[in-house]
>>> print(open('model30.txt').read())   # compact mmCIF, C-alpha atoms
# COMPACT_ATOMS: atom_id res chain seq x y z
CA MET A 1 0.00 0.00 0.00
CA ASP A 2 1.50 3.35 -0.94
CA ASP A 3 1.52 6.34 1.42
CA ALA A 4 -1.31 8.21 -0.26
CA THR A 5 -3.60 5.18 -0.09
CA ALA A 6 -2.63 4.63 3.54
CA VAL A 7 -3.59 8.22 4.38
CA ALA A 8 -6.91 7.86 2.57
CA ARG A 9 -7.69 4.64 4.44
CA ALA A 10 -6.55 6.05 7.78
CA ARG A 11 -8.82 9.00 7.18
CA ALA A 12 -11.68 6.54 6.72
CA GLY A 13 -10.88 4.98 10.10
CA ASP A 14 -8.50 2.19 9.12
CA SER A 15 -6.01 2.18 12.02
CA ASP A 16 -3.83 -0.46 10.33
CA ALA A 17 -3.25 1.97 7.50
CA PHE A 18 -2.05 4.60 9.95
CA ARG A 19 0.08 2.00 11.65
CA LEU A 20 1.76 1.37 8.32
CA LEU A 21 2.64 5.05 8.04
CA VAL A 22 4.02 5.06 11.58
CA GLU A 23 6.16 2.01 10.95
CA ARG A 24 7.34 3.32 7.61
CA HIS A 25 8.30 6.86 8.64
CA SER A 26 9.29 6.61 12.32
CA ARG A 27 12.98 6.20 11.71
CA ALA A 28 13.25 9.19 9.38
CA LEU A 29 11.39 11.36 11.88
CA PHE A 30 13.57 10.09 14.72
CA LYS A 31 16.67 11.06 12.75
CA LEU A 32 15.29 14.54 12.13
CA GLY A 33 14.20 14.89 15.76
CA TYR A 34 17.64 13.84 16.99
CA ARG A 35 19.48 16.22 14.71
CA MET A 36 17.29 19.12 15.70
CA THR A 37 17.19 18.47 19.44
CA GLY A 38 20.52 16.65 19.91
CA ASN A 39 18.84 14.40 22.43
CA GLU A 40 17.49 10.88 22.09
CA GLN A 41 14.56 11.31 24.45
CA ASP A 42 13.50 14.56 22.88
CA ALA A 43 13.75 12.89 19.49
CA GLU A 44 11.42 10.15 20.73
CA ASP A 45 8.99 12.79 21.95
CA VAL A 46 9.16 14.51 18.60
CA VAL A 47 8.25 11.30 16.79
CA GLN A 48 5.38 10.59 19.17
CA GLU A 49 3.99 14.11 19.03
CA ALA A 50 4.38 14.33 15.25
CA PHE A 51 2.31 11.22 14.66
CA LEU A 52 -0.31 12.38 17.16
CA LYS A 53 -0.61 15.68 15.31
CA ALA A 54 -0.61 13.95 11.95
CA TYR A 55 -3.42 11.64 13.06
CA ARG A 56 -5.49 14.54 14.31
CA SER A 57 -4.97 16.47 11.11
CA LEU A 58 -5.48 13.67 8.59
CA ASP A 59 -8.45 15.58 7.23
CA ARG A 60 -6.26 18.53 6.45
CA PHE A 61 -3.74 16.53 4.45
CA GLU A 62 -3.78 17.73 0.87
CA ASP A 63 -3.79 14.87 -1.57
CA ARG A 64 -1.33 16.52 -3.90
CA SER A 65 1.32 16.62 -1.16
CA GLN A 66 3.89 13.94 -0.45
CA VAL A 67 3.07 12.11 2.78
CA GLY A 68 6.75 11.94 3.75
CA SER A 69 7.17 15.71 3.31
CA TRP A 70 3.98 16.38 5.25
CA LEU A 71 5.15 14.25 8.17
CA TYR A 72 8.60 15.81 7.95
CA ARG A 73 7.13 19.31 8.27
CA ILE A 74 5.03 18.29 11.25
CA ALA A 75 8.02 16.67 12.96
CA ALA A 76 10.26 19.66 12.30
CA ASN A 77 7.65 21.88 13.89
CA CYS A 78 7.37 19.56 16.90
CA ALA A 79 11.15 19.60 17.30
CA PHE A 80 11.07 23.40 17.15
CA ASP A 81 8.49 23.33 19.95
CA VAL A 82 10.75 21.07 22.01
CA LEU A 83 13.64 23.51 21.57
CA ARG A 84 11.49 26.44 22.63
CA LYS A 85 10.20 24.61 25.69
CA ARG A 86 13.75 23.64 26.59
CA GLN A 87 14.83 27.26 26.32
CA ARG A 88 11.95 28.39 28.55
CA ARG A 89 12.92 25.76 31.11
CA ASP A 90 16.59 26.66 30.92
CA SER A 91 15.87 30.34 31.18
CA ARG A 92 13.79 29.71 34.29
CA ASN A 93 16.78 27.95 35.74
CA GLU A 94 19.49 30.25 34.55
CA SER A 95 17.68 33.51 33.73
CA LEU A 96 19.51 33.50 30.44
CA ASP A 97 17.75 34.64 27.31
CA VAL A 98 19.61 32.82 24.57
CA GLU A 99 18.03 34.97 21.88
CA ASP A 100 19.73 38.00 23.38
CA ALA A 101 22.81 36.21 24.57
CA PRO A 102 26.14 37.66 23.53
CA GLU A 103 27.83 36.16 20.54
CA PRO A 104 29.83 33.10 21.57
CA GLN A 105 33.54 33.34 21.88
CA ALA A 106 35.57 30.65 20.23
CA PRO A 107 36.94 28.32 22.91
CA GLU A 108 40.63 28.73 23.47
CA PRO A 109 42.53 25.86 21.90
CA GLY A 110 44.20 23.71 24.52
CA PRO A 111 47.95 23.40 24.83
CA GLU A 112 47.74 20.33 22.70
CA ARG A 113 45.25 20.17 19.91
CA LEU A 114 42.71 17.45 20.41
CA ALA A 115 42.08 14.97 17.68
CA LEU A 116 40.44 17.07 14.98
CA GLY A 117 37.23 15.10 14.74
CA ALA A 118 36.52 15.20 18.46
CA ASP A 119 37.46 18.85 18.64
CA VAL A 120 35.12 19.73 15.79
CA ARG A 121 32.25 17.80 17.37
CA GLN A 122 32.81 19.48 20.71
CA ARG A 123 32.99 22.94 19.20
CA LEU A 124 29.97 22.38 17.00
CA GLU A 125 27.99 21.10 19.94
CA SER A 126 28.89 24.18 21.94
CA ALA A 127 27.85 26.41 19.04
CA LEU A 128 24.52 24.56 18.69
CA GLU A 129 23.88 24.99 22.40
CA ARG A 130 24.41 28.72 22.10
CA MET A 131 21.96 29.08 19.25
CA SER A 132 18.42 30.20 19.96
CA PRO A 133 15.72 27.60 19.19
CA ARG A 134 14.92 29.35 15.94
CA GLU A 135 18.57 29.59 14.88
CA ARG A 136 19.25 25.98 15.74
CA ALA A 137 16.16 24.70 13.96
CA ALA A 138 16.88 26.77 10.86
CA PHE A 139 20.56 25.80 10.83
CA VAL A 140 19.91 22.08 11.23
CA LEU A 141 17.27 22.10 8.52
CA ARG A 142 19.40 24.16 6.13
CA HIS A 143 22.85 22.80 6.81
CA PHE A 144 22.38 19.19 7.93
CA GLU A 145 19.13 18.41 6.20
CA GLY A 146 19.70 20.44 3.03
CA ARG A 147 16.24 22.03 3.13
CA SER A 148 15.62 25.27 1.25
CA VAL A 149 14.59 28.48 2.98
CA LYS A 150 11.08 28.02 1.54
CA GLU A 151 10.81 24.54 3.02
CA ILE A 152 12.08 25.75 6.39
CA GLU A 153 9.57 28.58 6.30
CA ALA A 154 6.77 26.06 5.81
CA ALA A 155 8.06 23.67 8.47
CA LEU A 156 8.68 26.21 11.22
CA GLY A 157 5.86 28.59 10.37
CA ILE A 158 8.10 31.67 10.23
CA ASP A 159 8.60 34.11 7.36
CA THR A 160 11.40 34.03 4.79
CA THR A 161 13.28 36.97 6.27
CA SER A 162 13.30 35.39 9.73
CA VAL A 163 14.52 32.08 8.31
CA LYS A 164 17.36 33.79 6.46
CA GLN A 165 18.33 35.85 9.49
CA SER A 166 18.27 32.78 11.71
CA VAL A 167 20.43 30.76 9.34
CA CYS A 168 22.92 33.63 9.06
CA ARG A 169 23.14 34.17 12.82
CA ALA A 170 23.54 30.43 13.38
CA VAL A 171 26.29 30.21 10.78
CA ARG A 172 28.08 33.10 12.45
CA LYS A 173 28.05 31.21 15.74
CA ALA A 174 29.17 27.97 14.14
CA ARG A 175 31.84 29.75 12.18
CA GLU A 176 33.34 31.50 15.16
CA VAL A 177 34.11 28.22 16.85
CA LEU A 178 35.05 26.27 13.73
CA ALA A 179 37.08 28.81 11.77
CA PRO A 180 40.27 28.30 13.80
CA LEU A 181 40.19 24.63 12.89
CA ALA A 182 39.72 25.34 9.22
CA GLY A 183 42.58 27.82 9.34
CA ALA A 184 40.22 30.23 7.69
CA VAL A 185 39.28 33.29 9.64
CA SER A 186 37.98 35.85 7.18
CA MET B 187 28.98 47.86 -5.25
CA SER B 188 30.92 47.25 -2.05
CA HIS B 189 31.89 43.73 -1.17
CA VAL B 190 29.24 41.13 -0.39
CA ASN B 191 28.28 41.27 3.27
CA GLU B 192 28.61 38.23 5.53
CA ASP B 193 24.92 37.36 5.56
CA ASP B 194 24.62 37.46 1.81
CA LEU B 195 27.74 35.35 1.58
CA VAL B 196 26.03 32.73 3.74
CA LEU B 197 22.95 32.81 1.52
CA LEU B 198 25.10 32.46 -1.58
CA HIS B 199 26.90 29.51 -0.01
CA TYR B 200 23.55 27.77 0.44
CA ARG B 201 22.45 28.80 -3.04
CA GLU B 202 19.66 30.92 -1.66
CA ASP B 203 18.51 34.23 -3.05
CA ALA B 204 20.87 36.96 -1.84
CA GLY B 205 19.79 39.48 -4.43
CA ALA B 206 20.99 40.05 -7.97
CA ASP B 207 23.59 42.62 -6.91
CA ALA B 208 25.37 40.26 -4.54
CA GLN B 209 25.39 37.50 -7.12
CA ALA B 210 26.71 39.80 -9.82
CA HIS B 211 29.40 41.22 -7.53
CA LEU B 212 30.58 37.76 -6.56
CA GLU B 213 31.10 36.80 -10.16
CA GLY B 214 33.51 39.67 -10.71
CA CYS B 215 35.27 39.87 -7.36
CA ALA B 216 38.13 37.53 -6.58
CA GLU B 217 38.27 38.64 -2.97
CA CYS B 218 34.62 37.76 -2.30
CA ALA B 219 35.01 34.50 -4.19
CA GLU B 220 37.90 33.64 -1.87
CA ARG B 221 35.81 34.60 1.19
CA LEU B 222 33.06 32.32 -0.06
CA GLN B 223 35.54 29.46 -0.41
CA ARG B 224 36.83 30.01 3.12
CA LEU B 225 33.26 29.97 4.41
CA ALA B 226 32.60 26.73 2.54
CA ARG B 227 35.75 25.14 3.99
CA THR B 228 34.73 26.10 7.51
CA LEU B 229 31.15 24.93 7.18
CA ALA B 230 32.31 21.68 5.63
CA LEU B 231 33.66 20.83 9.09
CA ALA B 232 30.17 21.01 10.52
CA GLU B 233 28.97 17.54 9.73
CA ALA B 234 25.67 16.24 11.00
CA PRO B 235 26.10 14.36 14.28
CA ASP B 236 25.75 10.60 14.26
CA VAL B 237 22.21 9.55 15.02
CA PRO B 238 21.77 6.62 17.43
CA GLU B 239 20.33 3.53 15.82
CA PRO B 240 16.81 3.16 17.25
CA GLY B 241 16.61 -0.54 16.47
CA PRO B 242 14.91 -2.57 13.77
CA ASP B 243 11.56 -2.69 15.57
CA TYR B 244 11.48 1.03 16.23
CA GLY B 245 8.38 1.70 14.14
CA ALA B 246 6.48 -1.05 15.96
CA ARG B 247 7.51 0.36 19.33
CA VAL B 248 6.38 3.85 18.33
CA TRP B 249 3.05 2.42 17.28
CA ALA B 250 2.64 0.50 20.54
CA ARG B 251 3.11 3.72 22.51
CA LEU B 252 1.00 5.78 20.18
CA GLN B 253 -2.02 3.54 19.93
CA PRO B 254 -3.50 4.24 23.39
CA GLN B 255 -3.07 7.97 22.86
CA LEU B 256 -4.99 7.82 19.61
CA GLY B 257 -7.96 6.31 21.36
CA LEU B 258 -7.62 3.15 19.30
CA PRO B 259 -8.16 -0.34 20.69
CA GLU B 260 -5.21 -1.65 22.71
CA PRO B 261 -2.86 -3.94 20.84
CA THR B 262 -3.23 -7.64 21.42
CA ALA B 263 -1.65 -8.43 24.79
CA LYS B 264 1.77 -9.86 24.39
CA VAL B 265 3.03 -12.69 26.55
CA VAL B 266 5.45 -11.26 29.07
CA PRO B 267 7.59 -13.74 30.93
CA ILE B 268 7.36 -13.00 34.62
CA ARG B 269 10.47 -13.79 36.53
CA SER B 270 10.24 -11.67 39.60
CA ARG B 271 7.51 -11.31 42.17
CA PHE B 272 7.57 -7.58 41.46
CA TRP B 273 6.33 -7.69 37.91
CA PRO B 274 2.77 -9.09 37.78
CA ARG B 275 0.87 -5.80 37.97
CA ALA B 276 3.41 -3.59 36.33
CA VAL B 277 2.11 -3.69 32.78
CA SER B 278 -1.53 -2.99 33.57
CA VAL B 279 -0.64 -0.36 36.15
CA ALA B 280 1.63 1.42 33.70
CA ALA B 281 -1.14 1.46 31.11
CA LEU B 282 -3.67 2.66 33.68
CA ALA B 283 -1.27 5.29 34.95
CA ALA B 284 -0.70 6.55 31.43
CA ALA B 285 -4.44 6.78 30.90
CA LEU B 286 -4.78 8.72 34.14
CA VAL B 287 -2.19 11.21 33.01
CA VAL B 288 -4.02 11.68 29.75
CA ALA B 289 -7.20 12.28 31.74
CA PHE B 290 -5.29 14.71 33.94
CA LEU B 291 -3.96 16.59 30.93
CA LEU B 292 -7.36 16.68 29.30
CA GLY B 293 -8.74 18.12 32.48
CA ARG B 294 -6.12 20.84 32.43
CA ARG B 295 -6.51 21.57 28.76
CA PHE B 296 -10.28 21.82 28.73
CA PRO B 297 -11.12 23.26 32.13
CA ASP B 298 -14.60 24.28 30.99
CA ALA B 299 -15.61 20.78 29.97
CA PRO B 300 -17.80 18.82 32.40
CA GLN B 301 -15.33 17.45 34.89
CA PRO B 302 -16.35 14.93 37.48
CA LEU B 303 -13.10 15.25 39.45
CA SER B 304 -11.88 18.33 41.26
CA ALA B 305 -8.38 19.63 40.54
CA GLU B 306 -7.26 18.40 43.93
CA VAL B 307 -8.57 14.91 43.35
CA ARG B 308 -6.99 14.81 39.92
CA GLU B 309 -3.69 15.91 41.41
CA ARG B 310 -3.89 13.16 43.96
CA VAL B 311 -4.75 10.59 41.30
CA LEU B 312 -1.72 11.73 39.37
CA LEU B 313 0.48 11.60 42.44
CA VAL B 314 -0.65 8.05 43.18
CA ALA B 315 0.12 7.04 39.61
CA VAL B 316 3.53 8.73 39.62
CA GLY B 317 4.32 7.18 43.00
CA GLU B 318 3.52 3.71 41.69
CA HIS B 319 5.53 4.38 38.58
CA LEU B 320 8.58 5.46 40.58
CA GLU B 321 8.31 2.43 42.83
CA ARG B 322 8.24 0.06 39.89
CA SER B 323 11.08 1.90 38.23
CA GLN B 324 13.03 1.60 41.47
CA MET B 325 12.51 -2.16 41.41
CA VAL B 326 13.93 -2.38 37.90
CA LEU B 327 16.94 -0.30 38.97
CA ILE B 328 17.45 -2.35 42.14
CA GLU B 329 17.46 -5.61 40.21
CA LEU B 330 19.97 -4.21 37.75
CA VAL B 331 22.23 -2.68 40.38
CA ASN B 332 22.24 -5.81 42.54
CA ALA B 333 22.92 -8.27 39.73
CA PRO B 334 26.36 -9.91 39.80
CA ALA B 335 28.51 -7.84 37.50
CA ASP B 336 30.75 -10.72 36.57
CA GLU B 337 28.21 -12.94 34.88
CA ARG B 338 25.76 -12.83 32.02
CA MET B 339 22.35 -11.46 33.06
CA ASN B 340 19.00 -12.43 31.63
CA VAL B 341 17.01 -9.17 31.57
CA LYS B 342 14.05 -10.31 29.54
CA ALA B 343 11.59 -9.57 32.34
CA GLN B 344 13.15 -6.20 33.22
CA ARG B 345 13.23 -5.34 29.54
CA ALA B 346 9.51 -6.01 29.10
CA VAL B 347 8.65 -3.91 32.13
CA ALA B 348 11.05 -1.13 31.14
CA ASP B 349 9.40 -1.06 27.73
CA GLU B 350 6.02 -0.41 29.37
CA LEU B 351 7.43 2.06 31.88
CA VAL B 352 9.00 4.18 29.15
CA SER B 353 5.60 5.23 27.79
CA ALA B 354 4.26 6.15 31.20
CA ASN B 355 7.51 7.89 32.10
CA ARG B 356 7.32 10.01 28.97
CA LEU B 357 3.80 11.14 29.82
CA TYR B 358 4.73 11.98 33.39
CA ARG B 359 7.78 13.87 32.22
CA GLN B 360 5.75 15.87 29.72
CA THR B 361 3.19 16.63 32.42
CA ALA B 362 5.96 17.73 34.75
CA VAL B 363 7.46 19.95 32.03
CA ARG B 364 4.09 21.61 31.50
CA SER B 365 3.70 22.10 35.25
CA GLY B 366 7.19 23.53 35.64
CA GLU B 367 8.29 20.75 38.01
CA ASP B 368 11.92 21.05 36.99
CA SER B 369 13.46 18.74 39.57
CA LEU B 370 10.98 15.98 38.74
CA VAL B 371 11.65 16.53 35.02
CA ALA B 372 15.38 16.09 35.59
CA VAL B 373 14.95 12.80 37.46
CA LEU B 374 12.42 11.45 34.98
CA GLU B 375 14.76 12.33 32.13
CA GLU B 376 17.61 10.39 33.68
CA LEU B 377 15.32 7.53 34.52
CA GLU B 378 13.97 7.43 30.99
CA ARG B 379 17.47 7.14 29.53
CA VAL B 380 18.07 3.99 31.53
CA LEU B 381 14.61 2.58 30.84
CA VAL B 382 14.98 3.21 27.11
CA GLU B 383 18.39 1.60 27.13
CA VAL B 384 17.11 -1.50 28.90
CA ALA B 385 13.96 -1.68 26.78
CA ALA B 386 15.87 -1.33 23.53
CA GLY B 387 18.63 -3.72 24.56
CA PRO B 388 18.93 -7.47 24.15
CA ASP B 389 17.28 -10.05 26.40
CA ALA B 390 20.63 -10.99 27.88
CA LEU B 391 23.46 -8.67 28.87
CA ALA B 392 27.13 -9.59 28.77
CA PRO B 393 29.00 -9.07 32.06
CA GLN B 394 30.70 -5.93 30.77
CA ASP B 395 27.32 -4.49 29.73
CA VAL B 396 25.88 -5.23 33.17
CA ALA B 397 28.86 -3.54 34.79
CA GLU B 398 28.57 -0.53 32.48
CA LEU B 399 24.85 -0.16 33.15
CA GLN B 400 25.45 -0.40 36.91
CA ARG B 401 28.23 2.15 36.68
CA ARG B 402 25.98 4.60 34.87
CA ILE B 403 23.10 4.16 37.29
CA GLU B 404 25.39 4.58 40.27
CA ALA B 405 27.44 7.43 38.82
CA ARG B 406 24.29 9.50 38.42
CA GLY B 407 22.97 8.49 41.82
CA LEU B 408 19.82 7.62 39.94
CA LEU B 409 18.43 5.11 42.39
CA PHE B 410 18.84 7.59 45.23
CA LYS B 411 17.21 10.39 43.22
CA VAL B 412 14.24 8.18 42.29
CA ARG B 413 13.82 7.25 45.96
CA VAL B 414 13.93 10.88 47.07
CA VAL B 415 11.47 12.05 44.44
CA GLY B 416 9.27 9.03 45.18
CA SER B 417 9.15 9.91 48.85
CA GLN B 418 8.35 13.55 48.03
CA VAL B 419 5.51 12.41 45.82
CA ARG B 420 4.18 10.15 48.57
CA GLU B 421 4.46 12.98 51.07
CA ARG B 422 2.48 15.31 48.85
CA GLU B 423 -0.05 12.56 48.27
CA ARG B 424 -0.49 12.17 52.04
CA GLU B 425 -0.91 15.93 52.44
CA LEU B 426 -3.81 15.87 50.02
CA ALA B 427 -5.44 12.72 51.33
CA PRO B 428 -7.21 14.00 54.51
CA ARG B 429 -8.70 16.99 52.71
CA ASN B 430 -10.12 14.71 50.08
CA VAL B 431 -11.72 12.52 52.68
CA SER B 432 -13.28 15.44 54.54
CA SER B 433 -14.55 17.10 51.38
CA SER B 434 -16.15 13.99 49.88
>>> encode(input="model30.txt", output="structure tokens")
Amino acid sequence: MDDATAVARARAGDSDAFRLLVERHSRALFKLGYRMTGNEQDAEDVVQEAFLKAYRSLDRFEDRSQVGSWLYRIAANCAFDVLRKRQRRDSRNESLDVEDAPEPQAPEPGPERLALGADVRQRLESALERMSPRERAAFVLRHFEGRSVKEIEAALGIDTTSVKQSVCRAVRKAREVLAPLAGAVS
Amino acid sequence: MSHVNEDDLVLLHYREDAGADAQAHLEGCAECAERLQRLARTLALAEAPDVPEPGPDYGARVWARLQPQLGLPEPTAKVVPIRSRFWPRAVSVAALAAALVVAFLLGRRFPDAPQPLSAEVRERVLLVAVGEHLERSQMVLIELVNAPADERMNVKAQRAVADELVSANRLYRQTAVRSGEDSLVAVLEELERVLVEVAAGPDALAPQDVAELQRRIEARGLLFKVRVVGSQVRERERELAPRNVSSS
């Protein structure tokens, strides 16, 4: 059964058809959720919430759309929600507004350079943590997932200008910590 | 035109629209072309992080957790081998507890809907469910921590229970997040990591895996934290109990 048929049947109350969609797309959504949130549990929540939302909005699915893209957009939006909730929680704990946080400083390289791969991962992780939810979501979707600004706009529900600004700010943060390793400070 | 600004350079790198002027300038400016190359070299370092493998039956597990939340009939009961005296009620209690949380959340989300239970009663119901959940989770942790670390361990029973507890744990954690119960969220997050690991793992653990799991549980003081939070939940539950009795 193809995806479009499964959606049509699920809409008519066939739970096995929806089950098929869940089993077919869970892994892709988990991967997206993990990349966006950087956390396995949050990724699991993203998958769960995305399918719940998809089930409740089956009637709104437009037949000309791709089911995979539709689910992807819902999951990206759920992951964005997770990031925003995390920021609210963190800001309650730390009174730190990441959106207004100062630009990150590149970590000082240690006396001995770490293995490049580990160093890059560590620096990238620190840059991702310093990004606002919007910047992180936009960066992950643009840079890791190769989604266009238009697709990101649709997934996150924010306008083109905001997507572009978020990607640019996120790149600036990533670049500041990675440039020393690339030997390319411009 | 002056040189391409940093933001437009980023957009050009991703082949997004940066405006005709920026594109035209780039084509005739060696300096900006070099800046674009440097940017590309730097960003090439930022590779997507490795994603943990969720297991071949991941889709089926997602469905099993999703089904009750969709209001669909429960899946056919699976046969769970019961090894310990602790396990018999765990599965049904976890399912019931999850349903209670959903009821609790519905009550919070639609406060104007006819609601047979007062907020206080619902809170107590939730506390009872969370208390039971923490106790059962404690039992799983205790069995794992007390297992001999130098021999192979059959964790089939713990795995089945952990699998059920994960769903309930997730719901409690989400409820706690919504309620701003940060300390409970932190403990439930740590607990969930262990439960997920056990649930997604094999039926039998090699000695080194047992030792590693024990080390991680102990290093985080997880068992202690679950006990403390469990006792706080019980305490709160007791505080609410007399008022419920007198008001009913």
>>> closest_residue(input="model30.txt", among="A:Leu181, A:Ala75, A:Val163, A:Leu124", to="A:Val46", atoms="only C-alpha atoms")
A:Ala75
>>> residues_around(input="model30.txt", residues="A:Ser148", least_positions_apart="5", cutoff="9 Å", atoms="all atoms listed in the file", output="list in words")
Leu141, Arg142 and Glu153 of chain A; Tyr200, Arg201 and Glu202 of chain B
>>> atom_distance(input="model30.txt", atom1="atom CA of A:Pro133", atom2="atom CA of A:Leu83")
5.2 Å
>>> atom_distance(input="model30.txt", atom1="atom CA of A:Gly157", atom2="atom CA of B:Ser365")
25.8 Å
>>> interface_residues(input="model30.txt", of="chain B", to="chain A", cutoff="7 Å", atoms="only C-alpha atoms", output="VMD selection string")
chain B and resid 193 196 221 224 227 to 229 231 to 232 234 to 235 237 245 to 246 248 to 249 252 256
>>> closest_residue(input="model30.txt", among="B:Arg424, B:Gly241, B:Val363, B:Pro388", to="A:Gln87", atoms="only C-alpha atoms")
B:Val363
>>> atom_distance(input="model30.txt", atom1="atom CA of B:Ala346", atom2="atom CA of B:His319")
14.6 Å
>>> residues_around(input="model30.txt", residues="B:Asp349", least_positions_apart="5", cutoff="8 Å", atoms="only C-alpha atoms", output="list in words")
Leu381, Val382, Val384, Ala385 and Ala386 of chain B
>>> residues_near_point(input="model30.txt", point="(13.1, -6.9, 31.7)", cutoff="9 Å", atoms="all atoms listed in the file", output="ChimeraX atom specification")
/B:267-269,326,340-349,384-385,389
>>> write_last_selection(input="model30.txt", atoms="C-alpha atoms", output="PDB file, keeping the file's coordinate frame")
ATOM      1  CA  PRO B 267       7.590 -13.740  30.930  1.00  0.00           C
ATOM      2  CA  ILE B 268       7.360 -13.000  34.620  1.00  0.00           C
ATOM      3  CA  ARG B 269      10.470 -13.790  36.530  1.00  0.00           C
ATOM      4  CA  VAL B 326      13.930  -2.380  37.900  1.00  0.00           C
ATOM      5  CA  ASN B 340      19.000 -12.430  31.630  1.00  0.00           C
ATOM      6  CA  VAL B 341      17.010  -9.170  31.570  1.00  0.00           C
ATOM      7  CA  LYS B 342      14.050 -10.310  29.540  1.00  0.00           C
ATOM      8  CA  ALA B 343      11.590  -9.570  32.340  1.00  0.00           C
ATOM      9  CA  GLN B 344      13.150  -6.200  33.220  1.00  0.00           C
ATOM     10  CA  ARG B 345      13.230  -5.340  29.540  1.00  0.00           C
ATOM     11  CA  ALA B 346       9.510  -6.010  29.100  1.00  0.00           C
ATOM     12  CA  VAL B 347       8.650  -3.910  32.130  1.00  0.00           C
ATOM     13  CA  ALA B 348      11.050  -1.130  31.140  1.00  0.00           C
ATOM     14  CA  ASP B 349       9.400  -1.060  27.730  1.00  0.00           C
ATOM     15  CA  VAL B 384      17.110  -1.500  28.900  1.00  0.00           C
ATOM     16  CA  ALA B 385      13.960  -1.680  26.780  1.00  0.00           C
ATOM     17  CA  ASP B 389      17.280 -10.050  26.400  1.00  0.00           C
TER      18      ASP B 389
END
>>> residues_around(input="model30.txt", residues="B:Met339", least_positions_apart="2", cutoff="9 Å", atoms="all atoms listed in the file", output="JSON, numbers by chain")
{"B": [330, 333, 334, 335, 337, 341, 389, 390, 391, 392, 393, 396]}
>>> residues_around(input="model30.txt", residues="B:Asn191", least_positions_apart="5", cutoff="10 Å", atoms="only C-alpha atoms", output="list of chain:residue names")
B:Val196, B:Ala204, B:Ala208, B:Cys218
>>> closest_residue(input="model30.txt", among="A:Met1, A:Leu29, A:Met36, A:Ile158", to="A:Ile74", atoms="only C-alpha atoms")
A:Leu29
